[in-house]
Each structure stands twice: as C-alpha cells, then as structure tokens.
Amino acid sequence: MADRFLELSGRDRLDALQVASSASARPVYLLEKDVWVVWALEALFGGPFGSSLVFKGGTSLSKAYGAIGRFSEDVDLTYDINAIAPDLITSSPDWLPATRSQADRWTREIRKRLPEWVQQKALLEVESALRSRGLPAHARAEDDKIHIEYDPLESGPSYVRPAVTLEFGARSDGQPCATHEVVCDAAKHFPRLVFPSASPRVMSVERTFWEKATAIHVFCAQGAVPERAARHWYDLASLYEAGYVASAIAGRAIAKRVASEKQLFFREKDANRVVIDYGAAVEGNLRLIPTEGAFGQLSKDYQDMLEGGLLLTDAIPFSRLIERCRLIEQEANA
C-alpha cells in the first residue's frame, strides 16, 4: 500500500520535497504550502457542503487551469447564496435583489450567517479531517476565513506565511463554473506516494478575469494599491499571454453579471467620494493603469512579490506587465 505524504515523518517529508525542489527548481517552502492548499480543497470539496462551493481567484487560475505562472498562496471560495440564503432569493428569478435596499438587507443577513456557517460547519469539517489522520497542522476561524497553520519544514521569506487562508464569500452563485482536477506540484516526482488531490467546482477563467479587472478598476479609481494586490495585475498580464483575454472580453454577459453583482453588493467610492459605476467600467470605461503615487505602490508591491519567490516561471518585467495591462484596457474598451 502506498504511503500518504502528509502522514510521513517530518524528516521524510522534507527529504521528499528537497528531491522535488531539485527536480522542479521550486523552493521547498512553496512545494510544502502547495500540498496544504490542495489538501484544503480536498477536505472542503469532499465534505457534505462541497457541491455548494466554487473555487475561484488566482489560485484557481494556477491550480485548475495552469493559466498563470504564479504561486497563489490562499484559497478564495464562494459558498452559493442559494445554499446560505434560500429564504432571501425565493422571489428573485435570477437570484439578484430587485432594489438597492433589498441588497443591503441581504448583505446584512449574509454577513451574520456566513461567519456562523464558517465557525459551525466549515471549520468543524476541516478540524475533523486534520484530526482523523493526525496531520501536523491546526485550524482556526476568523470571521469569514479559516486559517490552516502548519509547522514549516523549511523557512521561507516573510512574504510567504506557513499557513493557508480559506476566504469565503456568499453573495454570488459562482456561475459559470465546472469541475476540474487539482493535484500537488510535487506529486509527479513521487508516483509511489499518495499526495492530496481534489475535484473542486472551479469558476470559469472568463468570470475570474472580470472579477479581477473590476477590482483593479476600483484600485485605480481610488488612487491606491493595497498590499499584496500586484498579483491581480500579474494575473491579467498572464491571462493575456496565455490567450484567455479575448474570450473573456467577448463574454459580455459574464462581464455584465459581475458588474451587476458588484454594484449591488460591493459598492465602492473613488478618490472623490463618488460611487464607482461597475456597469460603465465593463462597457468601455475600464481602468487598469494606476496614476501618480499608486503607480509607485504597484511597482513596489510587485517587486516584493518577486522577492518572495512566488513566480514559478520567469518573471514578467514590470514595464511589460504595464504594457500588457494597457493593451487589455484598450481592447476591453474598444
């Protein structure tokens, strides 16, 4: 019977990852964190509520589609609004609230229910999975997040924490999505070892593109780039080079759906305190290039990401990153 990687001794796990590191030119600390990312997906989507979850974000682009060459540390998930709030959406044919006031009421209710579900359902499922196999990690809940913390076999830079954060949202149905296989990066080097694997429902690349593009639009409108946000620009540039952007831009129905949901549930104001119009953004007014001080913030955050060793392929120079995003902006607005 093949051994399970996570049930080996610490010394044997380290030896295996050092071999995989030499073969792949990826540091041990990233290979180890990747194992825990996949394990988390295995635990969640193999659980009783897996059919109501959708895996999304940069980690899905990397692990499910191989569309970006970046190690994405954490896991973004949508818990289907139909599962958490069926009583709220019974009168909405496309599940969206009919009015702004209704959307506010839904938001208040979901903000109350989601942390309760995370604490009472999702966390217990993760803790049970860890405990049943005696795995060397522990989990804790914080609002709508679960942090799976492990003792690293090898220390990495401060930018890469020895923990996997599962961040849940519940103001969407996560559509369109499809099931994809997800495996550990180190697994191919050890066919006789059993590594975690998962079959999550994964948000489409086209929707993820518009989720990220509209997030960047907000940062540009506000004139500030938050810490660790450079990954969104990198992901768009990578999707452009991988040939996904054309189909994403052609998917205007998806763009409008994302805009409608964000306008109702995620209202933001620009630097002048004016409410941002997501509908206008996806209909010819998308902004992907920050100005003035925000440009410098983006450059520094991107450099921090590079120094953290999170790129699994050759790094895109910052100038090329901006050039690609400028082209995407032009094509999206054409």
# chains A, B, ... in the order shown; residues from 1 in each chain; ligands from 1
$ residues_around --residues "range 138-147 of chain A" --least-positions-apart "6" --cutoff "12 Å" --atoms "only C-alpha atoms" --output "VMD selection string"
chain A and resid 36 to 37 40 44 73 to 79 110 to 131 161 to 170
$ residues_around --residues "range 183-198 of chain A" --least-positions-apart "6" --cutoff "12 Å" --atoms "only C-alpha atoms" --output "VMD selection string"
chain A and resid 1 to 8 12 to 47 50 55 60 62 to 66 71 312
$ write_last_selection --atoms "N, CA and C atoms" --output "short mmCIF file (atom, residue, chain, number, x, y, z; two decimals), in the first residue's frame"
data_model
loop_
_atom_site.label_atom_id
_atom_site.label_comp_id
_atom_site.auth_asym_id
_atom_site.auth_seq_id
_atom_site.Cartn_x
_atom_site.Cartn_y
_atom_site.Cartn_z
N MET A 1 0.84 -1.19 0.00
CA MET A 1 0.00 0.00 0.00
C MET A 1 0.88 1.25 0.00
N ALA A 2 0.58 2.20 -0.86
CA ALA A 2 1.40 3.41 -0.97
C ALA A 2 1.26 4.28 0.27
N ASP A 3 2.36 4.91 0.67
CA ASP A 3 2.34 5.80 1.82
C ASP A 3 1.70 7.14 1.45
N ARG A 4 1.03 7.73 2.44
CA ARG A 4 0.48 9.07 2.26
C ARG A 4 1.51 10.09 2.68
N PHE A 5 1.76 11.05 1.80
CA PHE A 5 2.83 12.02 2.04
C PHE A 5 2.67 12.72 3.39
N LEU A 6 1.49 13.22 3.69
CA LEU A 6 1.30 14.01 4.90
C LEU A 6 1.37 13.18 6.18
N GLU A 7 1.36 11.86 6.05
CA GLU A 7 1.46 11.00 7.23
C GLU A 7 2.88 10.49 7.46
N LEU A 8 3.82 10.91 6.59
CA LEU A 8 5.22 10.56 6.80
C LEU A 8 5.80 11.39 7.94
N ASP A 12 11.14 12.62 6.59
CA ASP A 12 10.87 12.01 5.29
C ASP A 12 10.14 12.99 4.37
N ARG A 13 9.24 13.79 4.93
CA ARG A 13 8.55 14.79 4.08
C ARG A 13 9.54 15.81 3.55
N LEU A 14 10.45 16.25 4.41
CA LEU A 14 11.45 17.22 3.98
C LEU A 14 12.35 16.62 2.91
N ASP A 15 12.79 15.37 3.11
CA ASP A 15 13.64 14.73 2.10
C ASP A 15 12.93 14.66 0.74
N ALA A 16 11.65 14.29 0.78
CA ALA A 16 10.90 14.19 -0.48
C ALA A 16 10.78 15.55 -1.16
N LEU A 17 10.47 16.57 -0.40
CA LEU A 17 10.31 17.89 -1.00
C LEU A 17 11.64 18.46 -1.48
N GLN A 18 12.73 18.10 -0.84
CA GLN A 18 14.03 18.54 -1.33
C GLN A 18 14.35 17.91 -2.69
N VAL A 19 13.96 16.65 -2.85
CA VAL A 19 14.13 15.99 -4.16
C VAL A 19 13.27 16.69 -5.20
N ALA A 20 12.01 16.96 -4.85
CA ALA A 20 11.11 17.64 -5.77
C ALA A 20 11.60 19.04 -6.08
N SER A 21 12.18 19.70 -5.10
CA SER A 21 12.71 21.05 -5.30
C SER A 21 13.86 21.03 -6.30
N SER A 22 14.74 20.05 -6.16
CA SER A 22 15.87 19.95 -7.10
C SER A 22 15.38 19.66 -8.51
N ALA A 23 14.33 18.86 -8.62
CA ALA A 23 13.82 18.49 -9.95
C ALA A 23 13.01 19.61 -10.59
N SER A 24 12.37 20.44 -9.78
CA SER A 24 11.47 21.46 -10.32
C SER A 24 12.00 22.89 -10.23
N ALA A 25 13.10 23.07 -9.49
CA ALA A 25 13.66 24.40 -9.25
C ALA A 25 12.69 25.30 -8.48
N ARG A 26 11.81 24.68 -7.69
CA ARG A 26 10.90 25.42 -6.83
C ARG A 26 11.30 25.22 -5.38
N PRO A 27 11.29 26.25 -4.57
CA PRO A 27 11.74 26.09 -3.18
C PRO A 27 10.84 25.16 -2.38
N VAL A 28 11.42 24.54 -1.38
CA VAL A 28 10.69 23.60 -0.54
C VAL A 28 9.49 24.25 0.12
N TYR A 29 9.65 25.51 0.58
CA TYR A 29 8.56 26.14 1.32
C TYR A 29 7.33 26.36 0.44
N LEU A 30 7.53 26.56 -0.87
CA LEU A 30 6.38 26.71 -1.76
C LEU A 30 5.76 25.35 -2.08
N LEU A 31 6.59 24.34 -2.28
CA LEU A 31 6.06 23.00 -2.54
C LEU A 31 5.26 22.49 -1.34
N GLU A 32 5.74 22.79 -0.13
CA GLU A 32 5.01 22.35 1.05
C GLU A 32 3.68 23.09 1.17
N LYS A 33 3.70 24.40 0.94
CA LYS A 33 2.45 25.15 1.05
C LYS A 33 1.45 24.70 -0.01
N ASP A 34 1.95 24.36 -1.19
CA ASP A 34 1.08 23.86 -2.26
C ASP A 34 0.37 22.58 -1.81
N VAL A 35 1.08 21.71 -1.09
CA VAL A 35 0.45 20.48 -0.58
C VAL A 35 -0.73 20.83 0.33
N TRP A 36 -0.55 21.82 1.19
CA TRP A 36 -1.62 22.19 2.11
C TRP A 36 -2.77 22.88 1.40
N VAL A 37 -2.47 23.63 0.34
CA VAL A 37 -3.55 24.24 -0.47
C VAL A 37 -4.43 23.15 -1.06
N VAL A 38 -3.79 22.13 -1.67
CA VAL A 38 -4.56 21.05 -2.30
C VAL A 38 -5.29 20.23 -1.23
N TRP A 39 -4.63 20.01 -0.09
CA TRP A 39 -5.31 19.27 0.98
C TRP A 39 -6.58 20.00 1.43
N ALA A 40 -6.49 21.32 1.55
CA ALA A 40 -7.66 22.10 1.97
C ALA A 40 -8.80 21.95 0.97
N LEU A 41 -8.48 21.98 -0.32
CA LEU A 41 -9.51 21.78 -1.34
C LEU A 41 -10.11 20.38 -1.24
N GLU A 42 -9.26 19.39 -1.00
CA GLU A 42 -9.72 18.01 -0.86
C GLU A 42 -10.69 17.89 0.32
N ALA A 43 -10.34 18.51 1.45
CA ALA A 43 -11.17 18.41 2.64
C ALA A 43 -12.51 19.12 2.43
N LEU A 44 -12.49 20.29 1.81
CA LEU A 44 -13.72 21.06 1.64
C LEU A 44 -14.66 20.45 0.60
N PHE A 45 -14.11 20.15 -0.57
CA PHE A 45 -14.98 19.68 -1.65
C PHE A 45 -15.35 18.20 -1.49
N GLY A 46 -14.65 17.51 -0.61
CA GLY A 46 -15.05 16.14 -0.30
C GLY A 46 -16.02 16.07 0.86
N GLY A 47 -16.35 17.24 1.42
CA GLY A 47 -17.24 17.29 2.56
C GLY A 47 -18.70 17.40 2.17
N GLY A 50 -19.63 20.37 -0.20
CA GLY A 50 -18.75 20.61 -1.35
C GLY A 50 -19.49 21.01 -2.61
N PHE A 55 -14.56 27.18 -6.24
CA PHE A 55 -13.16 27.59 -6.09
C PHE A 55 -12.90 28.68 -7.12
N SER A 60 -7.09 29.38 -8.34
CA SER A 60 -7.80 28.54 -9.31
C SER A 60 -7.19 28.68 -10.70
N SER A 62 -4.10 29.14 -11.35
CA SER A 62 -2.85 28.39 -11.33
C SER A 62 -3.09 26.89 -11.24
N LYS A 63 -3.89 26.45 -10.26
CA LYS A 63 -4.02 25.03 -9.97
C LYS A 63 -4.97 24.30 -10.90
N ALA A 64 -6.06 24.94 -11.31
CA ALA A 64 -7.06 24.25 -12.13
C ALA A 64 -6.82 24.44 -13.62
N TYR A 65 -6.36 25.62 -14.01
CA TYR A 65 -6.23 25.93 -15.44
C TYR A 65 -4.78 26.02 -15.93
N GLY A 66 -3.82 26.13 -15.02
CA GLY A 66 -2.43 26.33 -15.44
C GLY A 66 -2.27 27.58 -16.27
N PHE A 71 2.73 31.30 -7.89
CA PHE A 71 2.24 30.51 -6.77
C PHE A 71 1.25 31.38 -6.00
N LEU A 312 6.54 31.11 -10.55
CA LEU A 312 7.04 29.77 -10.85
C LEU A 312 7.74 29.71 -12.20
#
$ residues_around --residues "Asp270 in chain A" --least-positions-apart "3" --cutoff "8 Å" --atoms "only C-alpha atoms" --output "PyMOL selection string"
chain A and resi 218+221-223+273-276
$ write_last_selection --atoms "C-alpha atoms" --output "PDB file, in the first residue's frame"
ATOM      1  CA  VAL A 218     -11.563  50.193  -8.185  1.00  0.00           C
ATOM      2  CA  ALA A 221     -10.264  54.939  -9.257  1.00  0.00           C
ATOM      3  CA  GLN A 222      -9.312  55.219  -5.601  1.00  0.00           C
ATOM      4  CA  GLY A 223      -5.687  56.054  -6.371  1.00  0.00           C
ATOM      5  CA  ARG A 273     -16.081  60.004  -2.916  1.00  0.00           C
ATOM      6  CA  VAL A 274     -18.239  59.312  -5.983  1.00  0.00           C
ATOM      7  CA  VAL A 275     -19.824  55.856  -6.210  1.00  0.00           C
ATOM      8  CA  ILE A 276     -17.994  53.748  -8.805  1.00  0.00           C
TER       9      ILE A 276
END
$ closest_residue --among "A:Val205, A:Phe318, A:Pro86, A:His180" --to "Leu61 in chain A" --atoms "only C-alpha atoms"
A:Val205
$ atom_distance --atom1 "CA of Val282 in chain A" --atom2 "CA of Gln330 in chain A"
11.9 Å
$ select_by_dssp --residues "range 109-327 of chain A" --states "helix (DSSP H, G or I)" --output "NGL selection string"
:A and (109-132 or 187-189 or 205-222 or 230-241 or 245-250 or 252-265 or 278-282 or 292-307 or 318-327)
$ residues_around --residues "Thr214 in chain A" --least-positions-apart "4" --cutoff "12 Å" --atoms "only C-alpha atoms" --output "PyMOL selection string"
chain A and resi 207-210+218-221+232-233+236+255-263+266-268+276-283+285-288+329+332
$ atom_distance --atom1 "CA of Pro176 in chain A" --atom2 "CA of Gly251 in chain A"
11.3 Å
$ atom_distance --atom1 "CA of Ser172 in chain A" --atom2 "CA of Trp95 in chain A"
8.7 Å
$ closest_residue --among "A:Glu307, A:Asp235, A:Asp173, A:Glu181" --to "Gly57 in chain A" --atoms "only C-alpha atoms"
A:Asp235
$ select_by_dssp --residues "range 69-230 of chain A" --states "strand (DSSP E or B)" --output "ChimeraX atom specification"
/A:70,75-79,137-142,145-150,163-169,177-179,182-183,193-194,197-198,201-203
$ closest_residue --among "A:Arg252, A:Ala215, A:Ser204, A:Ala229" --to "Gln297 in chain A" --atoms "only C-alpha atoms"
A:Ala229
$ residues_around --residues "Gly174 in chain A" --least-positions-apart "3" --cutoff "7 Å" --atoms "only C-alpha atoms" --output "PyMOL selection string"
chain A and resi 54+78+80+177+203
